[in-house]
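Next up, structure_23.txt (compact mmCIF, C-alpha atoms):
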# COMPACT_ATOMS: atom_id res chain seq x y z
CA MET A 1 99.31 91.18 64.91
CA PRO A 2 102.78 89.77 65.78
CA LYS A 3 104.45 91.24 68.81
CA ASN A 4 107.55 93.33 68.36
CA ASN A 5 110.59 92.57 70.54
CA CYS A 6 112.50 95.71 69.59
CA PRO A 7 114.51 97.49 72.30
CA ILE A 8 113.20 100.46 74.24
CA LEU A 9 115.34 103.47 75.15
CA LEU A 10 114.19 105.74 77.96
CA ARG A 11 115.39 109.36 77.92
CA CYS A 12 114.75 110.81 81.40
CA ASP A 13 116.70 112.88 83.92
CA ALA A 14 116.87 113.28 87.69
CA GLY A 15 118.43 115.71 90.14
CA THR A 16 117.98 117.77 93.28
CA LYS A 17 115.72 120.26 91.49
CA ILE A 18 113.58 117.94 89.37
CA GLY A 19 113.58 114.97 91.74
CA SER A 20 113.53 111.31 90.70
CA GLY A 21 109.91 110.82 89.58
CA HIS A 22 110.64 110.82 85.83
CA VAL A 23 113.24 108.08 86.22
CA MET A 24 111.13 106.00 88.61
CA ARG A 25 108.09 105.79 86.35
CA CYS A 26 110.34 105.00 83.39
CA MET A 27 111.76 102.22 85.56
CA ALA A 28 108.25 100.77 85.82
CA LEU A 29 107.84 100.84 82.05
CA ALA A 30 111.27 99.25 81.57
CA GLN A 31 110.34 96.43 83.97
CA GLY A 32 107.15 95.73 82.05
CA TRP A 33 109.00 95.81 78.75
CA ARG A 34 111.61 93.33 79.96
CA GLN A 35 108.91 91.04 81.35
CA GLN A 36 107.67 90.65 77.79
CA GLY A 37 111.12 89.81 76.46
CA GLY A 38 112.49 93.21 75.46
CA GLU A 39 115.71 95.05 76.27
CA ALA A 40 115.61 98.43 78.04
CA VAL A 41 118.32 101.11 78.15
CA PHE A 42 118.27 104.40 80.07
CA LEU A 43 119.73 107.56 78.57
CA SER A 44 119.95 109.95 81.47
CA HIS A 45 121.54 112.95 83.07
CA CYS A 46 121.46 111.57 86.60
CA PRO A 47 124.01 112.95 89.10
CA ILE A 48 122.37 110.97 91.94
CA GLU A 49 124.67 107.97 92.44
CA SER A 50 122.14 105.83 94.33
CA LEU A 51 119.57 106.27 91.56
CA ARG A 52 122.06 105.28 88.87
CA ARG A 53 122.93 102.25 90.96
CA SER A 54 119.26 101.29 91.22
CA ILE A 55 118.96 101.29 87.42
CA LEU A 56 122.06 99.14 87.02
CA ASP A 57 121.05 96.79 89.84
CA GLU A 58 117.80 96.17 87.95
CA GLY A 59 119.90 94.94 85.05
CA PHE A 60 119.09 97.77 82.65
CA GLY A 61 121.60 99.47 80.41
CA PHE A 62 122.64 103.01 81.32
CA PHE A 63 124.17 105.67 79.07
CA SER A 64 125.08 108.96 80.72
CA ILE A 65 124.03 112.28 79.14
CA ARG A 66 126.53 114.77 80.53
CA ASN A 67 124.92 117.96 79.21
CA PRO A 68 121.13 117.65 78.86
CA TYR A 69 118.96 119.50 76.38
CA PRO A 70 118.88 122.35 75.37
CA ASP A 71 122.54 121.46 74.83
CA PRO A 72 122.51 120.18 71.21
CA GLU A 73 124.83 117.31 72.14
CA ASP A 74 121.90 115.68 73.93
CA ILE A 75 119.97 115.06 70.70
CA ARG A 76 123.07 113.88 68.84
CA LEU A 77 123.92 111.34 71.53
CA THR A 78 120.33 110.12 71.78
CA LEU A 79 120.01 109.58 68.01
CA ARG A 80 123.38 107.84 67.96
CA GLN A 81 122.24 105.41 70.65
CA LEU A 82 118.99 104.75 68.77
CA SER A 83 121.03 103.89 65.67
CA ARG A 84 123.09 101.39 67.68
CA PHE A 85 119.96 99.43 68.55
CA GLN A 86 118.49 99.39 65.03
CA ASP A 87 117.91 95.78 64.02
CA GLY A 88 115.95 94.74 60.93
CA ARG A 89 114.75 91.54 62.59
CA GLN A 90 113.38 93.29 65.65
CA GLY A 91 112.23 96.55 64.16
CA SER A 92 113.02 100.14 65.02
CA PRO A 93 113.55 100.77 68.75
CA TRP A 94 111.13 102.91 70.72
CA LEU A 95 112.31 106.09 72.40
CA VAL A 96 110.47 107.24 75.52
CA LEU A 97 110.83 110.94 76.42
CA ASP A 98 109.95 111.87 79.99
CA GLY A 99 110.81 115.43 81.00
CA TYR A 100 109.43 118.93 80.63
CA HIS A 101 112.58 120.21 78.90
CA PHE A 102 112.12 118.02 75.80
CA THR A 103 110.58 120.60 73.49
CA GLU A 104 108.84 120.29 70.13
CA ASP A 105 112.23 120.72 68.43
CA TYR A 106 113.68 117.76 70.31
CA GLN A 107 110.66 115.63 69.41
CA ARG A 108 110.82 116.70 65.74
CA ALA A 109 114.49 115.71 65.54
CA VAL A 110 113.62 112.22 66.77
CA ARG A 111 110.71 111.88 64.34
CA LYS A 112 112.74 113.27 61.42
CA ASP A 113 115.27 110.51 62.09
CA GLY A 114 112.47 108.00 61.57
CA ARG A 115 112.21 106.89 65.21
CA ARG A 116 109.13 105.76 67.10
CA LEU A 117 108.40 108.02 70.02
CA LEU A 118 106.33 107.80 73.21
CA ILE A 119 106.07 111.09 75.13
CA ILE A 120 105.28 111.00 78.85
CA ASP A 121 103.79 114.29 79.99
CA ASP A 122 101.98 115.89 82.94
CA THR A 123 101.14 119.46 81.98
CA ALA A 124 100.19 119.93 78.28
CA HIS A 125 102.65 122.83 78.21
CA LEU A 126 103.78 122.45 74.59
CA SER A 127 102.07 123.89 71.52
CA ARG A 128 102.46 120.55 69.73
CA TYR A 129 103.46 116.97 70.58
CA GLU A 130 105.43 115.24 67.82
CA GLY A 131 105.24 111.54 68.60
CA ASP A 132 103.44 108.28 67.95
CA ALA A 133 101.86 108.23 71.40
CA LEU A 134 101.33 110.48 74.40
CA LEU A 135 100.93 109.23 77.98
CA ASN A 136 99.60 111.34 80.85
CA GLN A 137 98.82 109.14 83.87
CA ASN A 138 97.33 111.87 86.06
CA ILE A 139 93.82 112.12 87.47
CA PHE A 140 93.26 115.42 85.64
CA ALA A 141 94.77 114.36 82.29
CA ALA A 142 91.52 114.22 80.30
CA SER A 143 90.68 117.81 81.28
CA LEU A 144 93.87 119.26 79.76
CA SER A 145 93.75 121.02 76.38
CA TYR A 146 96.22 119.05 74.31
CA PRO A 147 96.69 120.40 70.77
CA GLU A 148 94.98 118.43 68.01
CA HIS A 149 97.16 115.86 66.26
CA LYS A 150 95.32 113.12 64.39
CA ASP A 151 98.33 110.75 64.27
CA LEU A 152 99.05 110.94 68.00
CA ARG A 153 97.63 108.09 70.10
CA ARG A 154 96.67 109.37 73.57
CA PHE A 155 96.66 107.48 76.83
CA LEU A 156 95.12 109.78 79.44
CA GLY A 157 94.23 109.03 83.05
CA CYS A 158 95.01 106.80 86.00
CA GLU A 159 94.23 103.56 84.18
CA TYR A 160 97.68 104.08 82.62
CA VAL A 161 99.61 104.69 85.85
CA LEU A 162 103.10 103.18 85.60
CA LEU A 163 103.67 101.12 88.76
CA ARG A 164 106.95 99.32 89.46
CA HIS A 165 106.69 95.56 89.74
CA GLU A 166 107.47 95.51 93.48
CA PHE A 167 104.07 97.08 94.14
CA LEU A 168 102.11 94.60 92.06
CA LYS A 169 102.57 91.73 94.53
CA TYR A 170 100.11 93.65 96.74
CA LYS A 171 97.36 93.61 94.10
CA ASN A 172 94.97 91.46 96.15
CA TRP A 173 96.21 92.52 99.57
CA GLU A 174 93.55 93.71 102.01
CA ARG A 175 94.31 96.71 104.23
CA LYS A 176 92.91 96.96 107.74
CA ILE A 177 91.66 100.38 108.87
CA PRO A 178 92.24 100.80 112.64
CA ASP A 179 90.11 103.05 114.82
CA LYS A 180 93.13 105.30 115.30
CA ALA A 181 96.00 105.69 112.86
CA LYS A 182 99.23 105.18 114.80
CA ARG A 183 101.77 104.39 112.07
CA ILE A 184 102.65 107.35 109.85
CA LEU A 185 104.81 107.35 106.70
CA VAL A 186 106.34 110.66 105.56
CA THR A 187 107.71 110.85 102.01
CA LEU A 188 108.22 114.26 100.39
CA GLY A 189 109.86 113.29 97.13
CA GLY A 190 113.30 112.45 95.84
CA SER A 191 114.91 115.78 96.73
CA ASP A 192 112.58 117.99 98.85
CA PRO A 193 114.60 121.20 98.25
CA GLN A 194 112.25 123.28 100.45
CA ASN A 195 112.71 120.84 103.33
CA VAL A 196 108.98 120.30 103.79
CA THR A 197 109.89 117.13 105.71
CA LEU A 198 111.13 119.27 108.60
CA LYS A 199 107.82 121.15 108.75
CA VAL A 200 105.95 117.84 108.87
CA ILE A 201 108.11 116.66 111.78
CA GLN A 202 107.32 119.90 113.60
CA ALA A 203 103.58 119.45 112.94
CA LEU A 204 103.68 115.86 114.22
CA ASP A 205 105.47 117.02 117.37
CA LEU A 206 102.57 119.38 118.05
CA LEU A 207 100.26 116.37 118.27
CA LEU A 208 101.91 115.48 121.60
CA ASP A 209 100.86 111.89 120.90
CA LEU A 210 103.13 109.19 122.29
CA ASP A 211 101.09 106.46 120.57
CA ILE A 212 102.24 107.24 117.05
CA GLU A 213 105.26 105.88 115.19
CA VAL A 214 106.74 107.80 112.27
CA GLU A 215 108.90 106.52 109.41
CA ILE A 216 110.45 109.33 107.37
CA VAL A 217 111.83 108.55 103.92
CA ALA A 218 114.49 110.97 102.66
CA GLY A 219 114.96 110.62 98.91
CA PRO A 220 118.32 110.17 97.15
CA GLY A 221 118.55 113.87 96.23
CA ASN A 222 117.76 115.25 99.69
CA ILE A 223 120.38 117.82 100.76
CA CYS A 224 118.94 118.51 104.24
CA ILE A 225 119.87 115.22 105.89
CA GLU A 226 121.80 116.68 108.82
CA GLU A 227 118.95 119.02 109.74
CA LEU A 228 116.48 116.14 109.53
CA GLN A 229 118.68 113.90 111.66
CA ASN A 230 118.79 116.56 114.36
CA ALA A 231 115.00 116.99 114.21
CA VAL A 232 114.46 113.24 114.51
CA ARG A 233 116.77 112.99 117.52
CA THR A 234 114.86 115.70 119.39
CA SER A 235 111.35 114.74 118.22
CA PHE A 236 108.63 114.27 120.83
CA VAL A 237 107.24 111.23 119.01
CA SER A 238 108.93 107.96 118.00
CA THR A 239 110.54 108.87 114.68
CA HIS A 240 112.92 107.00 112.38
CA LEU A 241 114.72 108.41 109.33
CA ILE A 242 115.33 106.18 106.29
CA ARG A 243 117.65 107.26 103.49
CA ASN A 244 117.16 105.95 99.95
CA ALA A 245 114.47 103.44 100.93
CA ARG A 246 114.37 100.32 98.76
CA ASN A 247 111.24 98.86 100.36
CA MET A 248 108.52 101.44 99.70
CA PRO A 249 105.72 98.89 99.16
CA GLU A 250 106.46 97.32 102.54
CA LEU A 251 106.54 100.73 104.21
CA MET A 252 103.21 101.62 102.64
CA ALA A 253 101.75 98.31 103.81
CA TRP A 254 103.05 99.02 107.34
CA ALA A 255 101.62 102.55 107.55
CA ASP A 256 98.10 103.55 108.58
CA ILE A 257 98.40 106.94 106.87
CA ALA A 258 101.00 108.81 104.84
CA ILE A 259 101.99 112.43 104.33
CA SER A 260 103.37 112.77 100.83
CA ALA A 261 104.38 115.10 98.05
CA ALA A 262 101.64 115.26 95.41
CA GLY A 263 103.67 113.46 92.77
CA SER A 264 103.87 109.94 91.37
CA THR A 265 103.92 108.47 94.89
CA CYS A 266 100.20 109.29 95.11
CA TRP A 267 99.42 106.62 92.53
CA GLU A 268 101.46 104.05 94.45
CA MET A 269 99.66 104.87 97.69
CA SER A 270 96.29 104.78 95.94
CA PHE A 271 97.03 101.31 94.57
CA MET A 272 98.07 100.19 98.07
CA GLY A 273 94.86 101.57 99.59
CA LEU A 274 96.94 103.76 101.91
CA PRO A 275 95.06 106.85 103.16
CA PHE A 276 97.23 109.92 102.63
CA LEU A 277 97.54 113.68 102.89
CA THR A 278 99.33 115.66 100.20
CA VAL A 279 101.65 118.65 100.01
CA ALA A 280 102.23 120.32 96.63
CA VAL A 281 106.02 120.73 96.70
CA ALA A 282 106.13 121.96 93.07
CA ASP A 283 103.79 124.02 90.90
CA ASN A 284 102.94 121.05 88.67
CA GLN A 285 101.75 119.05 91.72
CA LYS A 286 98.88 121.37 92.61
CA LEU A 287 96.62 119.85 89.94
CA ILE A 288 97.26 116.38 91.35
CA ALA A 289 96.56 117.49 94.92
CA ASP A 290 93.40 119.35 93.92
CA GLY A 291 92.17 116.47 91.75
CA LEU A 292 92.63 113.89 94.49
CA PHE A 293 90.95 116.13 97.05
CA ALA A 294 88.00 116.80 94.74
CA ALA A 295 87.60 113.06 94.14
CA GLY A 296 87.53 112.37 97.89
CA ILE A 297 90.73 110.32 97.76
CA SER A 298 93.02 112.39 100.00
CA SER A 299 93.39 115.49 102.14
CA HIS A 300 95.44 118.41 100.88
CA LEU A 301 97.66 120.27 103.34
CA GLY A 302 98.54 123.03 100.87
CA LYS A 303 101.46 124.31 98.81
CA ALA A 304 104.91 123.93 100.32
CA GLU A 305 105.59 127.66 100.60
CA GLU A 306 102.23 128.35 102.28
CA LEU A 307 102.18 125.62 104.93
CA SER A 308 101.08 126.38 108.47
CA ILE A 309 102.55 124.06 111.12
CA GLN A 310 99.45 124.47 113.27
CA GLY A 311 97.11 123.94 110.32
CA MET A 312 98.94 120.77 109.29
CA CYS A 313 98.76 119.46 112.84
CA GLN A 314 94.99 119.96 112.98
CA GLU A 315 94.30 118.23 109.65
CA ILE A 316 96.65 115.32 110.40
CA SER A 317 94.94 114.88 113.78
CA ARG A 318 91.52 114.85 112.11
CA VAL A 319 92.54 112.06 109.72
CA ILE A 320 94.28 110.08 112.48
CA LEU A 321 91.10 110.04 114.56
CA SER A 322 88.59 109.40 111.73
CA PRO A 323 88.43 105.76 110.56
CA ALA A 324 85.53 106.66 108.25
CA THR A 325 87.65 109.22 106.42
CA ARG A 326 90.55 106.80 106.09
CA ARG A 327 88.28 104.00 104.88
CA GLN A 328 86.90 106.30 102.18
CA TYR A 329 90.38 107.35 101.05
CA SER A 330 91.51 103.73 100.93
CA LEU A 331 88.56 102.38 98.94
CA LEU A 332 88.47 105.22 96.41
CA GLY A 333 92.24 105.10 95.93
CA LYS A 334 92.16 101.41 95.07
CA LYS A 335 89.37 102.03 92.56
CA LEU A 336 91.42 104.77 90.93
CA VAL A 337 94.60 102.74 90.27
CA ASP A 338 94.21 99.07 89.32
CA GLY A 339 97.88 98.27 88.60
CA GLU A 340 97.42 97.39 84.91
CA GLY A 341 98.82 100.61 83.46
CA VAL A 342 102.23 99.21 82.50
CA ASN A 343 100.66 96.23 80.75
CA ARG A 344 98.32 98.47 78.78
CA ILE A 345 101.17 100.67 77.53
CA VAL A 346 103.55 97.79 76.81
CA ASP A 347 100.83 95.94 74.88
CA TYR A 348 100.39 99.02 72.69
CA LEU A 349 104.13 99.47 72.12
CA LYS A 350 104.71 95.78 71.40
CA GLY A 351 101.79 95.55 69.00
CA SER A 352 102.43 98.81 67.20
CA ARG A 353 104.15 98.93 63.81
Any chance you could put this one into structure tokens?
Amino acid sequence: MPKNNCPILLRCDAGTKIGSGHVMRCMALAQGWRQQGGEAVFLSHCPIESLRRSILDEGFGFFSIRNPYPDPEDIRLTLRQLSRFQDGRQGSPWLVLDGYHFTEDYQRAVRKDGRRLLIIDDTAHLSRYEGDALLNQNIFAASLSYPEHKDLRRFLGCEYVLLRHEFLKYKNWERKIPDKAKRILVTLGGSDPQNVTLKVIQALDLLLDLDIEVEIVAGPGNICIEELQNAVRTSFVSTHLIRNARNMPELMAWADIAISAAGSTCWEMSFMGLPFLTVAVADNQKLIADGLFAAGISSHLGKAEELSIQGMCQEISRVILSPATRRQYSLLGKKLVDGEGVNRIVDYLKGSR
């Protein structure tokens, strides 16, 4: 079947409440699409300047959605942009929807306009999914009760994880597991509105371990920077705060363990073979944390609002001092995510009529 070089438009939002995960995994899909000769354009409500700049620096188009759905202007603008990219030689453009606020009505409007639609989902929260294809890259995806829809192609599970191209250069990289983990990466999402990062710093201080080094990544939507800067300055251990990190693969390669939100970063760390401990900083992350723990791939520190500083300290200490545990996490994580997810999805989109 001939490949289709039609454009792809990615409708996803970011902010201090919803974080940046939707945009970042769409970035991975856009990179894969471009690698096979296609054009990618983001349609986004994204008040985070650094994130908008990242999209533009990658060379992708960006169209700002000022008032996101359920504002009806959102659908009108999206359909108008799809019409701009209609080209008989290349075929109808794909629209990718990634966000929990894009309801059945939004999807129906896109389909009624004759557009091809890929829906990226995590939760199976809708009564119906009106698209050509549905992608859920989570470890628990196959266990969700998605409504029956015979015309909807489903891609469920971690074999479809969308990894950005900067991670893929580590595909054959071998991680060394030291007897004691001394280098710790802390990354609690793009916004961290509950300031879980501060609690992690406090737990690490309780270790009273001068051997460890800590790199803390504060995402582009983090509003607690001053408080974190003060905590870093007075920390008992060697701690460094990084804002808007652009070198996450290198940081993950540097670290011996990580403490992370239970979001899309888990798939990146799994691919990198980085042993990690999770915190569920949002309700939709609990399934990820529980699934990874049940599969023996990571430790789970708990939900953000229920964290105990002392309890976190004890579990972090256990993982630091157990090379067998870290070796297990590393090996099982690499088996879970093979880095081919973007290629699998792009091959489907390119080959689909």
*asked:* For range 74-89 of chain A, find every residue with an atom within 10 Å (counting only C-alpha atoms), except residues of its own chain fewer than 2 positions away, and show them as an NGL selection string.
replied: :A and (4-11 or 39 or 41 or 43-45 or 63-72 or 91-95 or 102 or 105-107 or 109-110 or 113 or 115)
*Find the residues around Thr239 in chain A up to 12 Å (only C-alpha atoms counted), leave out those fewer than 3 positions away in its own chain, and share them as JSON, numbers by chain.*
{"A": [182, 183, 184, 185, 186, 200, 201, 202, 204, 205, 209, 210, 211, 212, 213, 214, 215, 216, 217, 228, 229, 230, 231, 232, 233, 234, 235, 236, 242]}
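If you look at CA of Glu250 in chain A and CA of His22 in chain A, they are 21.9 Å away from each other.
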*What is the distance between CA of Leu277 in chain A and CA of Lys176 in chain A, in Å to one decimal?*
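Separation of CA of Leu277 in chain A and CA of Lys176 in chain A: 18.0 Å.
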*So which one's closest to Arg326 in chain A, A:Arg128, A:Arg25, A:Lys180, A:Lys350? Using all atoms listed in the file, please.*
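Of all the options, A:Lys180 lies closest to Arg326 in chain A.
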*Of the listed residues A:Met27, A:Val161, A:Ala262, A:Ile177, that which approaches Leu287 in chain A most closely, counting all atoms listed in the file*: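 Comparing A:Met27, A:Val161, A:Ala262, A:Ile177 against Leu287 in chain A, the winner is A:Ala262.
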*Check the smallest atom-to-atom distance from each of A:Val346, A:Val279, A:Leu198, A:Met248 to Phe293 in chain A using only C-alpha atoms, then report the winner.*
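Residue with the minimum atom-to-atom distance to Phe293 in chain A: A:Val279.
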*asked:* Could you check the closest approach to Leu156 in chain A for each of A:Ala304, A:Trp254, A:Ser127, A:Ile120 and tell me which residue wins, using all atoms listed in the file?
replied: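 The closest residue to Leu156 in chain A is A:Ile120.
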*Work out how far CA of Ile297 in chain A is from CA of Ile309 in chain A, in Å to one decimal.*
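These two atoms are separated by 22.5 Å.
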*Nearest to Leu162 in chain A by atom-to-atom distance, counting all atoms listed in the file, from A:Leu29, A:Met252, A:Ala280, A:Cys313*: A:Leu29
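Among the candidates A:Ile259, A:Leu144, A:Val319, A:Met312, the residue lying nearest to Thr123 in chain A is A:Leu144 (atoms considered: only C-alpha atoms).
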